[in-house]
file my_file.cif (mmCIF, C-alpha atoms)
data_run
loop_
_atom_site.label_atom_id
_atom_site.label_comp_id
_atom_site.auth_asym_id
_atom_site.auth_seq_id
_atom_site.Cartn_x
_atom_site.Cartn_y
_atom_site.Cartn_z
CA MET A 1 0.00 0.00 0.00
CA ASN A 2 1.26 3.47 -0.90
CA ILE A 3 0.27 6.34 1.40
CA SER A 4 0.67 10.01 0.54
CA VAL A 5 -0.59 13.38 1.68
CA ALA A 6 -3.70 14.37 -0.29
CA GLN A 7 -3.21 17.04 -2.94
CA LYS A 8 -5.67 19.41 -4.62
CA GLU A 9 -5.93 16.89 -7.46
CA ASP A 10 -7.42 14.37 -5.00
CA LEU A 11 -10.37 16.62 -4.14
CA SER A 12 -12.76 15.11 -6.69
CA VAL A 13 -12.25 11.53 -5.51
CA LEU A 14 -12.53 12.62 -1.88
CA CYS A 15 -15.78 14.47 -2.61
CA GLN A 16 -17.07 11.35 -4.34
CA TYR A 17 -16.52 9.13 -1.30
CA ASP A 18 -16.35 11.29 1.84
CA LYS A 19 -19.93 12.45 2.40
CA HIS A 20 -19.33 13.32 6.08
CA ILE A 21 -17.67 16.67 5.42
CA ALA A 22 -18.36 19.75 3.32
CA LYS A 23 -16.22 20.37 0.24
CA ASP A 24 -14.84 23.60 1.75
CA GLU A 25 -13.67 21.65 4.80
CA LEU A 26 -12.02 19.05 2.57
CA VAL A 27 -10.17 21.85 0.79
CA TYR A 28 -9.07 23.25 4.16
CA CYS A 29 -7.89 19.84 5.41
CA ILE A 30 -5.93 19.28 2.20
CA SER A 31 -4.29 22.70 2.59
CA ARG A 32 -3.24 21.74 6.16
CA ASN A 33 -1.92 18.29 5.06
CA ARG A 34 -4.54 16.59 7.25
CA ILE A 35 -5.75 14.03 4.73
CA TYR A 36 -3.81 11.00 3.57
CA ILE A 37 -4.64 8.92 0.51
CA ALA A 38 -4.03 5.18 0.25
CA LYS A 39 -3.42 3.44 -3.05
CA GLU A 40 -2.79 -0.18 -3.92
CA LYS A 41 -1.08 -0.81 -7.25
CA GLY A 42 -1.89 2.78 -8.21
CA LYS A 43 -5.61 2.48 -7.45
CA PHE A 44 -7.34 4.61 -4.82
CA ILE A 45 -8.43 2.39 -1.92
CA GLY A 46 -9.13 4.81 0.93
CA TRP A 47 -8.37 7.90 2.93
CA LEU A 48 -7.57 9.05 6.44
CA ARG A 49 -8.60 12.45 7.73
CA TYR A 50 -7.72 14.12 11.01
CA ASN A 51 -7.88 17.44 12.79
CA LEU A 52 -6.75 18.77 16.15
CA PHE A 53 -8.75 18.27 19.35
CA TRP A 54 -8.28 21.17 21.80
CA ASP A 55 -6.09 22.66 19.04
CA ASN A 56 -3.18 20.51 20.20
CA THR A 57 -4.02 16.79 19.97
CA PRO A 58 -4.36 14.90 16.67
CA PHE A 59 -7.88 13.47 16.42
CA LEU A 60 -8.55 10.85 13.77
CA ASN A 61 -11.89 11.86 12.27
CA MET A 62 -12.11 9.23 9.57
CA VAL A 63 -10.20 6.28 8.24
CA TYR A 64 -11.98 4.53 5.42
CA ILE A 65 -10.92 1.61 3.27
CA LEU A 66 -13.11 0.77 0.26
CA ASN A 67 -15.07 -2.47 0.62
CA ASP A 68 -13.00 -4.54 -1.82
CA TYR A 69 -9.84 -3.85 0.21
CA ARG A 70 -11.11 -4.50 3.74
CA GLN A 71 -9.94 -7.32 5.99
CA LYS A 72 -6.50 -7.26 4.36
CA GLY A 73 -4.59 -5.23 6.96
CA PHE A 74 -4.74 -1.92 5.10
CA GLY A 75 -6.64 -0.13 7.90
CA LYS A 76 -4.03 -1.12 10.47
CA GLN A 77 -1.20 -0.06 8.16
CA PHE A 78 -2.93 3.26 7.55
CA VAL A 79 -3.43 4.07 11.25
CA ASP A 80 0.14 2.92 12.06
CA TYR A 81 1.47 5.23 9.35
CA TRP A 82 -0.60 8.16 10.67
CA GLU A 83 0.60 7.59 14.23
CA LYS A 84 4.22 7.61 13.04
CA GLN A 85 3.62 10.87 11.18
CA MET A 86 2.09 12.42 14.31
CA LYS A 87 5.09 11.27 16.36
CA LEU A 88 7.39 12.94 13.81
CA LEU A 89 5.40 16.15 14.40
CA ASP A 90 6.24 15.82 18.14
CA TYR A 91 2.80 14.83 19.36
CA GLU A 92 2.74 12.52 22.37
CA CYS A 93 -0.77 11.10 21.99
CA VAL A 94 -3.56 10.76 19.46
CA MET A 95 -7.32 10.43 19.84
CA THR A 96 -10.31 9.15 17.92
CA SER A 97 -13.90 8.15 18.56
CA THR A 98 -16.40 5.54 17.44
CA ALA A 99 -19.97 4.59 18.20
CA SER A 100 -20.29 1.83 20.78
CA ASP A 101 -22.33 -0.28 18.37
CA GLU A 102 -19.62 -0.22 15.68
CA TYR A 103 -16.89 -2.82 15.18
CA ALA A 104 -14.28 -0.04 15.02
CA GLN A 105 -13.98 0.04 18.82
CA HIS A 106 -12.42 -3.46 18.72
CA PHE A 107 -10.10 -2.41 15.90
CA TYR A 108 -8.81 0.56 17.91
CA HIS A 109 -8.47 -1.44 21.12
CA ARG A 110 -6.31 -3.99 19.27
CA LEU A 111 -4.12 -1.08 18.12
CA GLY A 112 -3.54 0.00 21.71
CA TYR A 113 -6.17 2.71 22.08
CA ARG A 114 -8.00 2.92 25.38
CA THR A 115 -11.44 4.29 26.06
CA ILE A 116 -11.21 7.50 28.09
CA GLY A 117 -14.83 8.64 28.04
CA GLY A 118 -17.76 9.28 25.83
CA PHE A 119 -21.15 10.88 25.38
CA ILE A 120 -24.63 10.33 24.01
CA TYR A 121 -25.94 12.75 21.40
CA GLN A 122 -29.71 12.79 21.00
CA SER A 123 -30.81 9.22 20.28
CA ASP A 124 -27.51 8.09 18.75
CA PRO A 125 -25.51 5.23 20.28
CA TYR A 126 -22.91 6.05 22.92
CA GLU A 127 -19.88 7.69 21.29
CA MET A 128 -16.65 6.36 22.75
CA ILE A 129 -13.60 8.62 22.94
CA LEU A 130 -10.31 6.72 22.60
CA MET A 131 -6.71 7.78 23.17
CA LYS A 132 -3.28 6.30 22.57
CA GLU A 133 0.13 7.50 23.71
CA ILE A 134 2.58 7.38 20.84
#
call {"tool": "encode", "arguments": {"input": "my_file.cif", "output": "structure tokens"}}
result
Amino acid sequence: MNISVAQKEDLSVLCQYDKHIAKDELVYCISRNRIYIAKEKGKFIGWLRYNLFWDNTPFLNMVYILNDYRQKGFGKQFVDYWEKQMKLLDYECVMTSTASDEYAQHFYHRLGYRTIGGFIYQSDPYEMILMKEI
């Protein structure tokens, strides 16, 4: 898997797949180098997007691997890569969240994340906040 920082040229493919964020925000994240693109044999297979929690802690907002490429270790490789990049930027910990009814919580726990809290928004499932020291 080849991972690179998203460029302006990647905006159209990101807009096609990432429906959780406005186009203007995608443009902003690209300009701040906060989106990574994953490719396998030159083909787009997913993306990872983050921002800063409390303006000082990397918070993984989204990691997404296209269906045909799941269960092959790409998600783990992607998060590992991101954590290494955050360490190179002198961060000491990273955070993310996931709904308690989603499989992702088990994925993050296997990667060494620990649940540090959470909240319930309206009638949504409990949102777990996870953290990992890097």
call {"tool": "residues_around", "arguments": {"input": "my_file.cif", "residues": "Val94 of chain A", "least_positions_apart": "6", "cutoff": "7 Å", "atoms": "only C-alpha atoms", "output": "VMD selection string"}}
result
chain A and resid 57 to 59 131 to 133
call {"tool": "residues_around", "arguments": {"input": "my_file.cif", "residues": "Val27 of chain A", "least_positions_apart": "4", "cutoff": "8 Å", "atoms": "all atoms listed in the file", "output": "JSON, numbers by chain"}}
result
{"A": [8, 11, 23, 31]}
call {"tool": "residues_around", "arguments": {"input": "my_file.cif", "residues": "segment 35-42 of chain A", "least_positions_apart": "4", "cutoff": "8 Å", "atoms": "all atoms listed in the file", "output": "VMD selection string"}}
result
chain A and resid 1 to 6 29 to 30 46 to 50 78
call {"tool": "residues_near_point", "arguments": {"input": "my_file.cif", "point": "(-5.9, -1.5, 12.0)", "cutoff": "8 Å", "atoms": "only C-alpha atoms", "output": "number ranges by chain"}}
result
A: 73-80, 107-108, 110-111
call {"tool": "resolve_selection", "arguments": {"input": "my_file.cif", "expression": "the PyMOL selection byres ((chain A and resi 115) around 6)", "output": "mmCIF file with C-alpha atoms, in the coordinates of the input"}}
result
data_model
loop_
_atom_site.group_PDB
_atom_site.id
_atom_site.type_symbol
_atom_site.label_atom_id
_atom_site.label_comp_id
_atom_site.auth_asym_id
_atom_site.auth_seq_id
_atom_site.Cartn_x
_atom_site.Cartn_y
_atom_site.Cartn_z
ATOM 1 C CA ARG A 114 -8.000 2.920 25.380
ATOM 2 C CA ILE A 116 -11.210 7.500 28.090
ATOM 3 C CA GLY A 117 -14.830 8.640 28.040
ATOM 4 C CA ILE A 129 -13.600 8.620 22.940
ATOM 5 C CA LEU A 130 -10.310 6.720 22.600
#
call {"tool": "decode", "arguments": {"input": "my_file.cif", "residues": "segment 50-73 of chain A", "atoms": "C-alpha atoms", "output": "short mmCIF file (atom, residue, chain, number, x, y, z; two decimals), in the first residue's frame"}}
result
data_model
loop_
_atom_site.label_atom_id
_atom_site.label_comp_id
_atom_site.auth_asym_id
_atom_site.auth_seq_id
_atom_site.Cartn_x
_atom_site.Cartn_y
_atom_site.Cartn_z
CA TYR A 50 -7.72 14.12 11.01
CA ASN A 51 -7.88 17.44 12.79
CA LEU A 52 -6.75 18.77 16.15
CA PHE A 53 -8.75 18.27 19.35
CA TRP A 54 -8.28 21.17 21.80
CA ASP A 55 -6.09 22.66 19.04
CA ASN A 56 -3.18 20.51 20.20
CA THR A 57 -4.02 16.79 19.97
CA PRO A 58 -4.36 14.90 16.67
CA PHE A 59 -7.88 13.47 16.42
CA LEU A 60 -8.55 10.85 13.77
CA ASN A 61 -11.89 11.86 12.27
CA MET A 62 -12.11 9.23 9.57
CA VAL A 63 -10.20 6.28 8.24
CA TYR A 64 -11.98 4.53 5.42
CA ILE A 65 -10.92 1.61 3.27
CA LEU A 66 -13.11 0.77 0.26
CA ASN A 67 -15.07 -2.47 0.62
CA ASP A 68 -13.00 -4.54 -1.82
CA TYR A 69 -9.84 -3.85 0.21
CA ARG A 70 -11.11 -4.50 3.74
CA GLN A 71 -9.94 -7.32 5.99
CA LYS A 72 -6.50 -7.26 4.36
CA GLY A 73 -4.59 -5.23 6.96
#
